[in-house]
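Structure data (TSV, C-alpha atoms) from start22.tsv:
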chain	number	residue	atom	x	y	z
K	1	MET	CA	94.45	-25.69	-76.70
K	2	ALA	CA	91.61	-26.53	-74.28
K	3	ALA	CA	88.46	-28.17	-75.57
K	4	ALA	CA	85.33	-25.99	-75.62
K	5	GLY	CA	82.34	-26.88	-73.31
K	6	PRO	CA	78.97	-28.07	-74.55
K	7	LYS	CA	76.86	-25.36	-76.00
K	8	ILE	CA	73.22	-24.86	-74.76
K	9	SER	CA	70.88	-24.24	-77.59
K	10	PRO	CA	68.43	-21.36	-77.46
K	11	ALA	CA	65.52	-23.77	-77.78
K	12	ALA	CA	66.54	-25.56	-74.61
K	13	VAL	CA	66.79	-22.27	-72.77
K	14	GLY	CA	63.32	-21.31	-73.93
K	15	GLY	CA	61.87	-24.65	-72.89
K	16	LEU	CA	63.44	-24.38	-69.49
K	17	ALA	CA	62.04	-20.90	-69.03
K	18	ARG	CA	58.59	-22.02	-70.04
K	19	LEU	CA	58.87	-24.91	-67.63
K	20	LEU	CA	59.85	-22.64	-64.80
K	21	ILE	CA	57.07	-20.18	-65.57
K	22	GLY	CA	54.52	-22.93	-65.88
K	23	GLY	CA	55.66	-24.53	-62.65
K	24	GLY	CA	55.57	-21.21	-60.88
K	25	ALA	CA	52.10	-20.51	-62.24
K	26	LEU	CA	50.98	-23.94	-61.20
K	27	VAL	CA	52.33	-23.48	-57.69
K	28	TYR	CA	50.76	-20.01	-57.43
K	29	GLY	CA	47.44	-21.32	-58.69
K	30	ALA	CA	47.53	-24.26	-56.31
K	31	THR	CA	48.33	-22.14	-53.30
K	32	ASN	CA	45.90	-19.31	-54.12
K	33	SER	CA	42.94	-21.33	-55.32
K	34	LEU	CA	42.29	-22.78	-51.88
K	35	PHE	CA	41.30	-21.06	-48.63
K	36	ASN	CA	40.52	-22.47	-45.20
K	37	VAL	CA	37.70	-21.46	-42.81
K	38	GLU	CA	38.59	-22.18	-39.21
K	39	GLY	CA	36.18	-23.33	-36.55
K	40	GLY	CA	33.82	-20.63	-35.28
K	41	HIS	CA	34.28	-18.63	-38.49
K	42	ARG	CA	32.37	-18.09	-41.72
K	43	ALA	CA	33.61	-16.74	-45.06
K	44	ILE	CA	32.26	-14.83	-48.00
K	45	VAL	CA	34.05	-14.35	-51.34
K	46	PHE	CA	34.70	-11.09	-53.14
K	47	ASN	CA	34.89	-11.40	-56.91
K	48	ARG	CA	36.60	-8.70	-58.91
K	49	LEU	CA	33.96	-8.96	-61.61
K	50	ILE	CA	30.65	-9.37	-59.73
K	51	GLY	CA	31.51	-8.18	-56.24
K	52	ILE	CA	30.40	-9.96	-53.05
K	53	LYS	CA	28.86	-13.34	-53.64
K	54	ASP	CA	25.71	-14.26	-51.68
K	55	GLU	CA	27.08	-17.65	-50.68
K	56	VAL	CA	28.35	-18.08	-47.12
K	57	TYR	CA	31.16	-20.63	-46.73
K	58	ALA	CA	31.15	-22.82	-43.64
K	59	GLU	CA	34.14	-24.32	-41.85
K	60	GLY	CA	36.63	-26.25	-43.99
K	61	THR	CA	38.70	-25.82	-47.20
K	62	HIS	CA	37.13	-24.23	-50.27
K	63	LEU	CA	38.15	-23.40	-53.88
K	64	MET	CA	38.38	-19.97	-55.46
K	65	VAL	CA	39.70	-18.40	-58.61
K	66	PRO	CA	43.15	-16.98	-57.94
K	67	TRP	CA	43.53	-13.23	-58.24
K	68	PHE	CA	39.90	-12.82	-59.33
K	69	GLU	CA	38.50	-13.85	-55.95
K	70	ARG	CA	39.55	-13.35	-52.36
K	71	PRO	CA	37.90	-14.62	-49.15
K	72	VAL	CA	36.60	-12.41	-46.35
K	73	ILE	CA	36.65	-14.27	-43.04
K	74	TYR	CA	34.23	-13.40	-40.19
K	75	ASP	CA	34.41	-14.58	-36.60
K	76	VAL	CA	30.85	-15.65	-35.75
K	77	ARG	CA	31.58	-16.49	-32.10
K	78	ALA	CA	30.12	-14.31	-29.35
K	79	ARG	CA	32.42	-11.47	-28.42
K	80	PRO	CA	32.14	-9.30	-25.32
K	81	SER	CA	31.85	-5.53	-25.47
K	82	LEU	CA	32.17	-3.24	-22.43
K	83	ILE	CA	30.35	0.08	-22.57
K	84	GLN	CA	30.34	2.82	-19.91
K	85	SER	CA	27.53	5.37	-19.92
K	86	GLN	CA	26.42	8.28	-17.75
K	87	SER	CA	22.64	8.70	-17.71
K	88	GLY	CA	20.03	10.58	-15.73
K	89	SER	CA	17.44	8.72	-13.66
K	90	ARG	CA	13.79	9.66	-13.29
K	91	ASP	CA	14.52	11.62	-10.10
K	92	LEU	CA	17.27	13.56	-11.92
K	93	GLN	CA	20.20	11.70	-10.37
K	94	MET	CA	23.27	11.10	-12.52
K	95	VAL	CA	24.06	7.37	-12.80
K	96	ASN	CA	27.29	5.86	-14.08
K	97	ILE	CA	26.41	2.47	-15.48
K	98	GLY	CA	28.70	-0.16	-17.03
K	99	LEU	CA	27.26	-2.73	-19.42
K	100	ARG	CA	28.80	-5.94	-20.77
K	101	VAL	CA	27.16	-7.39	-23.88
K	102	LEU	CA	27.88	-10.56	-25.85
K	103	THR	CA	27.16	-10.20	-29.57
K	104	ARG	CA	27.87	-12.07	-32.79
K	105	PRO	CA	26.97	-11.51	-36.43
K	106	ASN	CA	24.16	-13.41	-38.05
K	107	PRO	CA	26.01	-15.95	-40.27
K	108	GLU	CA	23.27	-15.97	-42.90
K	109	LYS	CA	23.46	-12.16	-43.28
K	110	LEU	CA	27.25	-11.80	-43.63
K	111	PRO	CA	27.09	-10.49	-47.24
K	112	GLU	CA	24.68	-7.72	-46.15
K	113	ILE	CA	26.82	-6.92	-43.12
K	114	TYR	CA	29.92	-6.60	-45.30
K	115	ARG	CA	28.14	-4.37	-47.81
K	116	SER	CA	26.63	-2.00	-45.21
K	117	LEU	CA	29.02	-2.10	-42.25
K	118	GLY	CA	32.22	-3.90	-43.20
K	119	GLN	CA	34.24	-6.14	-40.95
K	120	ASP	CA	34.35	-3.66	-38.04
K	121	TYR	CA	30.57	-3.75	-37.64
K	122	ALA	CA	30.76	-4.00	-33.83
K	123	GLU	CA	32.74	-0.77	-33.44
K	124	ARG	CA	30.40	1.01	-35.83
K	125	VAL	CA	27.05	-0.06	-34.31
K	126	LEU	CA	27.26	-1.24	-30.71
K	127	PRO	CA	28.45	1.92	-28.90
K	128	SER	CA	25.70	4.09	-30.32
K	129	ILE	CA	22.76	1.71	-29.81
K	130	ILE	CA	23.96	0.69	-26.32
K	131	GLN	CA	24.30	4.33	-25.20
K	132	GLU	CA	20.84	5.20	-26.50
K	133	THR	CA	19.26	2.12	-24.93
K	134	LEU	CA	20.86	2.77	-21.55
K	135	LYS	CA	19.68	6.37	-21.45
K	136	SER	CA	16.09	5.46	-22.41
K	137	VAL	CA	15.82	2.64	-19.85
K	138	VAL	CA	17.55	4.39	-16.93
K	139	ALA	CA	15.27	7.40	-17.35
K	140	GLN	CA	12.27	5.19	-16.49
K	141	TYR	CA	13.49	4.37	-12.96
K	142	ASN	CA	14.56	6.43	-9.98
K	143	ALA	CA	17.89	5.91	-8.23
K	144	ALA	CA	16.51	3.58	-5.53
K	145	GLN	CA	14.73	1.38	-8.09
K	146	LEU	CA	17.91	0.99	-10.12
K	147	ILE	CA	19.46	-0.69	-7.07
K	148	THR	CA	16.51	-2.75	-5.82
K	149	MET	CA	15.18	-3.70	-9.28
K	150	ARG	CA	18.49	-4.36	-10.97
K	151	GLU	CA	17.40	-7.62	-12.61
K	152	ILE	CA	14.29	-6.02	-14.12
K	153	VAL	CA	16.37	-3.12	-15.42
K	154	SER	CA	18.78	-5.59	-17.04
K	155	LYS	CA	15.89	-7.44	-18.73
K	156	ASP	CA	14.49	-4.18	-20.13
K	157	ILE	CA	17.90	-3.22	-21.50
K	158	ARG	CA	18.32	-6.63	-23.12
K	159	ARG	CA	14.87	-6.57	-24.72
K	160	ILE	CA	15.29	-3.13	-26.27
K	161	LEU	CA	18.93	-3.69	-27.25
K	162	ALA	CA	18.10	-7.02	-28.94
K	163	GLU	CA	15.49	-5.30	-31.11
K	164	ARG	CA	17.91	-2.55	-32.10
K	165	ALA	CA	20.77	-5.00	-32.86
K	166	ARG	CA	18.50	-7.25	-34.95
K	167	TYR	CA	17.99	-4.35	-37.34
K	168	PHE	CA	21.76	-4.45	-38.08
K	169	ASN	CA	21.81	-8.30	-38.39
K	170	ILE	CA	23.58	-8.65	-35.05
K	171	VAL	CA	22.54	-11.34	-32.59
K	172	LEU	CA	22.58	-10.35	-28.90
K	173	GLU	CA	23.51	-13.28	-26.65
K	174	ASP	CA	23.67	-11.76	-23.15
K	175	VAL	CA	23.50	-8.45	-21.26
K	176	SER	CA	24.76	-7.83	-17.75
K	177	ILE	CA	25.20	-4.70	-15.65
K	178	THR	CA	28.77	-4.70	-14.36
K	179	ASN	CA	28.91	-1.32	-12.67
K	180	LEU	CA	26.34	1.01	-11.17
K	181	THR	CA	27.45	4.11	-9.30
K	182	PHE	CA	25.89	7.47	-8.46
K	183	SER	CA	27.17	10.98	-8.03
K	184	LYS	CA	29.09	11.93	-4.89
K	185	GLU	CA	26.26	14.14	-3.64
K	186	TYR	CA	23.68	11.37	-3.91
K	187	THR	CA	26.03	8.84	-2.32
K	188	ALA	CA	26.65	11.21	0.61
K	189	ALA	CA	22.89	11.77	1.01
K	190	VAL	CA	22.23	8.01	1.05
K	191	GLU	CA	24.95	7.45	3.64
K	192	ALA	CA	23.55	10.27	5.81
K	193	LYS	CA	20.08	8.72	5.59
K	194	GLN	CA	21.41	5.30	6.58
K	195	VAL	CA	23.24	6.82	9.55
K	196	ALA	CA	20.07	8.61	10.63
K	197	GLN	CA	18.07	5.37	10.40
K	198	GLN	CA	20.67	3.53	12.45
K	199	GLU	CA	20.62	6.27	15.08
K	200	ALA	CA	16.83	6.10	15.19
K	201	GLU	CA	16.93	2.31	15.66
K	202	ARG	CA	19.55	2.67	18.37
K	203	ALA	CA	17.44	5.31	20.13
K	204	LYS	CA	14.60	2.78	20.49
K	205	PHE	CA	16.71	0.68	22.85
K	206	ILE	CA	18.07	3.55	24.94
K	207	ASP	CA	16.41	3.82	28.38
K	208	VAL	CA	15.89	7.46	29.29
K	209	SER	CA	14.38	8.43	32.65
K	210	ILE	CA	13.66	11.99	33.85
K	211	THR	CA	14.53	12.37	37.52
K	212	ASN	CA	13.70	16.03	37.98
K	213	LEU	CA	11.71	18.49	35.91
K	214	THR	CA	11.01	21.97	37.27
K	215	PHE	CA	9.76	25.21	35.79
K	216	SER	CA	9.92	28.82	36.83
K	217	LYS	CA	7.54	30.21	39.46
K	218	GLU	CA	5.81	32.40	36.91
K	219	TYR	CA	5.12	29.44	34.62
K	220	THR	CA	3.88	27.29	37.54
K	221	ALA	CA	1.58	30.11	38.74
K	222	ALA	CA	0.24	30.57	35.21
K	223	VAL	CA	-0.48	26.83	34.90
K	224	GLU	CA	-2.29	26.78	38.27
K	225	ALA	CA	-4.31	29.86	37.33
K	226	LYS	CA	-5.25	28.20	34.05
K	227	GLN	CA	-6.37	25.04	35.88
K	228	VAL	CA	-8.45	27.09	38.37
K	229	ALA	CA	-10.05	29.00	35.50
K	230	GLN	CA	-10.87	25.73	33.73
K	231	GLN	CA	-12.44	24.34	36.93
K	232	GLU	CA	-14.50	27.52	37.41
K	233	ALA	CA	-15.62	27.34	33.81
K	234	GLU	CA	-16.65	23.70	34.24
K	235	ARG	CA	-18.54	24.58	37.45
K	236	ALA	CA	-20.30	27.44	35.67
K	237	ASN	CA	-21.20	25.11	32.83
K	238	LEU	CA	-22.70	22.64	35.34
K	239	ILE	CA	-24.76	25.42	36.95
K	240	VAL	CA	-26.00	26.56	33.56
K	241	ASP	CA	-26.86	22.99	32.60
K	242	ARG	CA	-28.75	22.46	35.89
K	243	ALA	CA	-30.64	25.71	35.44
K	244	THR	CA	-31.49	24.71	31.89
K	245	GLN	CA	-32.76	21.33	33.09
K	246	ASP	CA	-34.84	22.98	35.87
K	247	LYS	CA	-36.27	25.40	33.37
K	248	GLN	CA	-37.11	22.56	31.03
K	249	SER	CA	-38.70	20.59	33.90
K	250	ALA	CA	-40.79	23.63	34.92
K	251	ILE	CA	-41.94	24.06	31.35
K	252	VAL	CA	-42.88	20.40	31.11
K	253	ARG	CA	-44.66	20.53	34.50
K	254	ALA	CA	-46.57	23.66	33.50
K	255	GLN	CA	-47.54	22.09	30.22
K	256	GLY	CA	-48.74	18.99	32.10
K	257	GLU	CA	-50.78	21.02	34.56
K	258	ALA	CA	-52.26	23.08	31.74
K	259	GLN	CA	-53.17	19.92	29.90
K	260	SER	CA	-54.67	18.45	33.09
K	261	ALA	CA	-56.70	21.60	33.73
K	262	ARG	CA	-57.94	21.56	30.15
K	263	LEU	CA	-59.00	17.93	30.44
K	264	ILE	CA	-60.72	18.57	33.81
K	265	GLY	CA	-62.57	21.53	32.29
K	266	GLN	CA	-63.73	19.37	29.39
K	267	ALA	CA	-64.84	16.63	31.83
K	268	ILE	CA	-66.85	19.14	33.93
K	269	GLN	CA	-68.53	20.51	30.81
K	270	GLN	CA	-69.43	17.05	29.58
K	271	ASN	CA	-70.50	15.59	32.99
K	272	PRO	CA	-71.44	17.90	35.95
K	273	SER	CA	-71.31	14.96	38.38
K	274	PHE	CA	-67.53	14.95	37.92
K	275	ILE	CA	-67.29	17.62	40.66
K	276	THR	CA	-69.26	15.45	43.08
K	277	LEU	CA	-66.93	12.53	42.36
K	278	ARG	CA	-63.88	14.64	43.07
K	279	LYS	CA	-65.41	15.82	46.37
K	280	ILE	CA	-66.00	12.23	47.43
K	281	GLU	CA	-62.40	11.36	46.58
K	282	ALA	CA	-61.20	14.35	48.60
K	283	MET	CA	-63.34	13.35	51.58
K	284	GLN	CA	-61.95	9.82	51.44
K	285	GLN	CA	-58.49	11.26	51.74
K	286	ASN	CA	-59.59	13.43	54.76
K	287	PRO	CA	-58.21	12.09	58.17
K	288	TYR	CA	-61.62	12.51	59.79
K	289	CYS	CA	-63.29	10.32	57.20
K	290	ILE	CA	-60.65	7.69	57.83
K	291	THR	CA	-61.50	7.80	61.59
K	292	LEU	CA	-65.22	7.26	60.84
K	293	ARG	CA	-64.42	4.23	58.73
K	294	LYS	CA	-62.35	2.76	61.59
K	295	ILE	CA	-65.21	3.35	64.12
K	296	GLU	CA	-67.65	1.72	61.75
K	297	ALA	CA	-65.35	-1.29	61.54
K	298	VAL	CA	-65.20	-1.49	65.39
K	299	ARG	CA	-69.01	-1.38	65.58
K	300	GLU	CA	-69.32	-4.19	63.12
K	301	ALA	CA	-66.84	-6.29	65.12
K	302	ALA	CA	-68.79	-5.58	68.36
K	303	ARG	CA	-72.05	-6.64	66.75
K	304	GLU	CA	-70.48	-9.86	65.56
K	305	ALA	CA	-69.14	-10.56	69.06
K	306	ALA	CA	-72.54	-9.85	70.62
K	307	ARG	CA	-74.22	-12.25	68.22
K	308	GLU	CA	-71.77	-15.00	69.12
K	309	VAL	CA	-72.30	-14.42	72.89
K	310	ALA	CA	-76.08	-14.37	72.48
K	311	ASN	CA	-75.98	-17.58	70.49
K	312	THR	CA	-73.85	-19.27	73.16
K	313	ILE	CA	-76.14	-18.17	76.03
K	314	ALA	CA	-79.23	-19.19	74.11
K	315	HIS	CA	-78.07	-22.78	73.90
K	316	SER	CA	-76.80	-22.94	77.44
K	317	ALA	CA	-78.91	-24.31	80.38
K	318	ASN	CA	-77.53	-21.71	82.77
K	319	ARG	CA	-78.88	-18.28	83.34
K	320	VAL	CA	-76.51	-15.37	82.76
K	321	PHE	CA	-77.24	-11.73	83.44
K	322	LEU	CA	-75.04	-9.14	81.64
K	323	ASN	CA	-74.62	-5.40	81.98
K	324	ALA	CA	-75.59	-3.61	78.83
K	325	ASP	CA	-72.75	-1.10	79.27
K	326	SER	CA	-70.12	-3.82	78.98
K	327	LEU	CA	-71.51	-5.11	75.69
K	328	LEU	CA	-70.68	-1.91	73.78
K	329	LEU	CA	-74.26	-1.59	72.73
K	330	ASN	CA	-74.28	2.15	73.23
K	331	LEU	CA	-71.70	2.95	70.46
K	332	GLY	CA	-74.35	4.74	68.50
K	333	GLU	CA	-74.56	7.36	71.24
K	334	LEU	CA	-70.86	8.35	70.81
K	335	GLN	CA	-70.25	11.87	69.45
K	336	ILE	CA	-67.49	12.08	66.86
K	337	ILE	CA	-65.52	15.26	67.08
K	338	GLY	CA	-65.34	17.04	63.82
K	339	ALA	CA	-67.71	14.67	62.07
K	340	ASN	CA	-69.61	17.58	60.74
K	341	LYS	CA	-66.49	19.24	59.39
Same coordinates, now as structure tokens:
Amino acid sequence: MAAAGPKISPAAVGGLARLLIGGGALVYGATNSLFNVEGGHRAIVFNRLIGIKDEVYAEGTHLMVPWFERPVIYDVRARPSLIQSQSGSRDLQMVNIGLRVLTRPNPEKLPEIYRSLGQDYAERVLPSIIQETLKSVVAQYNAAQLITMREIVSKDIRRILAERARYFNIVLEDVSITNLTFSKEYTAAVEAKQVAQQEAERAKFIDVSITNLTFSKEYTAAVEAKQVAQQEAERANLIVDRATQDKQSAIVRAQGEAQSARLIGQAIQQNPSFITLRKIEAMQQNPYCITLRKIEAVREAAREAAREVANTIAHSANRVFLNADSLLLNLGELQIIGANK
């Protein structure tokens, strides 16, 4: 008869079970009481009794109470987001604009972000605030300014978007416009304008010379008749101007003569000898009076010559007999014709 094997006592079985349970609990506690935070991440801890703790855990390995606590890991590195939006410009042109933004959560505000937005905060917040910001900024510029002032538009978008994101504890790192297109109608209009400008510039350098330019006989006759009528009108205007000037001269002359007559009348009233003076002046201007003055001058010259001859003869030792007729001594007997006139 075979020998029976060793019997295991119930106490040993119980101790072994307790050992296994204790070892398992120890292993579970050791593996679940530690959590790691990788580089570029931050962690917060959710406690089943008190909820989210306010402490933010940095990079490294940290302790927690197994089952009662669990970590919530956040990536705090900047992440890109691409948003496409269709907005209307100030001149009512539809603009398709693409925007690339780099955002990250504020590490110090992770508990608040988790309470209000959760871990998918970017999908909840960014599309709405980016769309609203794009529409408000694009509406301030016309289509041409959106192209020529692209950098300024980008700065305005970044400034407004940073203020909106800060309200949700999101940090905005960078904003860039990746795509900017217009409607087909506006694009076609811009291309047509560019073609027209190029044609205009090309036309400046094209040499055009007219070799022959003729019109119909009726048009030529009408132009000649118009020119003749214009010349006649100009001639008539010259005649009218000359007549007006003559009339004005006659008026001025008449006014001068009237003024002269008035002054002469006043002079006669004030001094009666004025008439005698005027008669003398008139006689001096008479040709006969001029002849008398010339004869008187000849007489005076003859007398002077006679005195010189007499003086010479008086001092001479010779005797000289002269004819009185040759000495012009009888000039006083001459009769002047018209002297009495």
Inset, instruction - Excluding K:Glu123 and any residue of its chain fewer than 4 positions from it, enumerate the residues within 12 Å of it, using only C-alpha atoms, and give them as a ChimeraX atom specification. - result: /K:79-83,103,117-119,127-130
Inset, instruction - Excluding K:Leu99 and any residue of its chain fewer than 5 positions from it, enumerate the residues within 10 Å of it, using all atoms listed in the file, and give them as number ranges by chain. - result: K: 81-85, 130-131, 134, 154, 157, 175-180
Long-range neighbours of K:Asn169 as a PDB file with C-alpha atoms, in the frame of the given file, 8 Å cut-off, all atoms listed in the file, 3 positions minimum in chain:
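Now in selection-v3.pdb:
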ATOM      1  CA  PRO K 105      26.970 -11.510 -36.430  1.00  0.00           C
ATOM      2  CA  ASN K 106      24.160 -13.410 -38.050  1.00  0.00           C
ATOM      3  CA  LYS K 109      23.460 -12.160 -43.280  1.00  0.00           C
ATOM      4  CA  ILE K 113      26.820  -6.920 -43.120  1.00  0.00           C
ATOM      5  CA  ALA K 165      20.770  -5.000 -32.860  1.00  0.00           C
ATOM      6  CA  ARG K 166      18.500  -7.250 -34.950  1.00  0.00           C
TER       7      ARG K 166
END
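If you measure from each of K:Ser87, K:Val252, K:Arg124, K:Met94 to K:Thr187 using all atoms listed in the file, the closest one turns out to be K:Met94.
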For the point (11.1, 14.0, -10.0) in the file's frame, write as a compact mmCIF listing (two decimals) with C-alpha atoms, in the frame of the given file all residues with an atom no more than 12 Å away, counting all atoms listed in the file.
# COMPACT_ATOMS: atom_id res chain seq x y z
CA GLY K 88 20.03 10.58 -15.73
CA SER K 89 17.44 8.72 -13.66
CA ARG K 90 13.79 9.66 -13.29
CA ASP K 91 14.52 11.62 -10.10
CA LEU K 92 17.27 13.56 -11.92
CA GLN K 93 20.20 11.70 -10.37
CA ALA K 139 15.27 7.40 -17.35
CA GLN K 140 12.27 5.19 -16.49
CA TYR K 141 13.49 4.37 -12.96
CA ASN K 142 14.56 6.43 -9.98
CA ALA K 143 17.89 5.91 -8.23
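Going from atom CA of K:Gln270 to atom CA of K:Gln255 covers 22.5 Å.
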Legend entry - Nearest candidate to K:Asn36 (options K:Ala200, K:Val190, K:Ile21, K:Met64; using all atoms listed in the file): K:Met64
Inset, instruction - For atom CA of K:Lys217 and atom CA of K:Ala229, quote the distance in Å rounded to one decimal. - result: 18.1 Å
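Counting only C-alpha atoms and comparing K:Ala221, K:Val125, K:Val138, K:Ala58, the residue that lies closest to K:Asn96 is K:Val138.
Counting from atom CA of K:Thr220, the distance to atom CA of K:Ile239 is 28.7 Å.
Proximity of K:Pro10, K:Gly60, K:Pro66, K:Ala302 to K:Asn32, computed with all atoms listed in the file, is greatest for K:Pro66.
Among the candidate residues K:Ala196, K:Val56, K:Ala225, K:Ala310, the one lying nearest to K:Pro107 is K:Val56, with distances computed using all atoms listed in the file.
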Please write C-alpha atoms of stretch 72-131 of chain K, from the structure given just now, as a CSV table (one decimal), in the first residue's frame.
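File produced: out-v8.csv:
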chain,number,residue,atom,x,y,z
K,72,VAL,CA,-4.8,64.7,-15.3
K,73,ILE,CA,-1.9,65.5,-17.7
K,74,TYR,CA,-1.9,68.6,-19.9
K,75,ASP,CA,0.5,69.4,-22.8
K,76,VAL,CA,1.6,73.0,-22.2
K,77,ARG,CA,3.6,73.3,-25.4
K,78,ALA,CA,2.4,75.6,-28.2
K,79,ARG,CA,0.2,73.8,-30.6
K,80,PRO,CA,-0.9,75.0,-34.0
K,81,SER,CA,-4.5,75.5,-35.1
K,82,LEU,CA,-5.6,76.2,-38.7
K,83,ILE,CA,-8.8,78.1,-39.1
K,84,GLN,CA,-10.5,79.0,-42.4
K,85,SER,CA,-13.0,81.8,-42.5
K,86,GLN,CA,-15.1,83.7,-45.1
K,87,SER,CA,-15.6,87.3,-44.2
K,88,GLY,CA,-16.9,90.5,-45.8
K,89,SER,CA,-14.5,93.4,-46.4
K,90,ARG,CA,-15.4,97.1,-46.0
K,91,ASP,CA,-16.2,97.4,-49.7
K,92,LEU,CA,-18.5,94.4,-49.5
K,93,GLN,CA,-16.1,91.9,-51.1
K,94,MET,CA,-16.1,88.3,-49.8
K,95,VAL,CA,-12.7,87.3,-48.6
K,96,ASN,CA,-11.6,83.7,-47.8
K,97,ILE,CA,-8.9,84.0,-45.2
K,98,GLY,CA,-6.8,81.2,-43.6
K,99,LEU,CA,-5.3,81.8,-40.2
K,100,ARG,CA,-2.6,79.7,-38.3
K,101,VAL,CA,-2.4,80.3,-34.6
K,102,LEU,CA,0.0,78.9,-31.9
K,103,THR,CA,-1.6,78.6,-28.5
K,104,ARG,CA,-0.9,76.9,-25.2
K,105,PRO,CA,-2.7,76.8,-21.8
K,106,ASN,CA,-1.6,78.9,-19.0
K,107,PRO,CA,0.2,76.4,-16.6
K,108,GLU,CA,-0.8,78.2,-13.5
K,109,LYS,CA,-4.5,78.2,-14.5
K,110,LEU,CA,-4.8,74.5,-15.3
K,111,PRO,CA,-7.3,73.7,-12.5
K,112,GLU,CA,-9.6,76.4,-13.7
K,113,ILE,CA,-9.3,75.3,-17.3
K,114,TYR,CA,-10.2,71.7,-16.3
K,115,ARG,CA,-13.2,72.9,-14.3
K,116,SER,CA,-14.6,75.2,-17.0
K,117,LEU,CA,-13.4,73.7,-20.3
K,118,GLY,CA,-11.9,70.3,-19.8
K,119,GLN,CA,-9.0,68.8,-21.6
K,120,ASP,CA,-10.3,69.7,-25.1
K,121,TYR,CA,-10.3,73.4,-24.3
K,122,ALA,CA,-8.7,74.3,-27.7
K,123,GLU,CA,-11.6,72.7,-29.7
K,124,ARG,CA,-14.1,74.4,-27.5
K,125,VAL,CA,-12.8,77.9,-27.6
K,126,LEU,CA,-10.4,78.7,-30.5
K,127,PRO,CA,-12.8,78.2,-33.5
K,128,SER,CA,-15.4,80.6,-32.2
K,129,ILE,CA,-13.1,83.4,-31.0
K,130,ILE,CA,-10.9,83.2,-34.1
K,131,GLN,CA,-14.0,83.4,-36.4
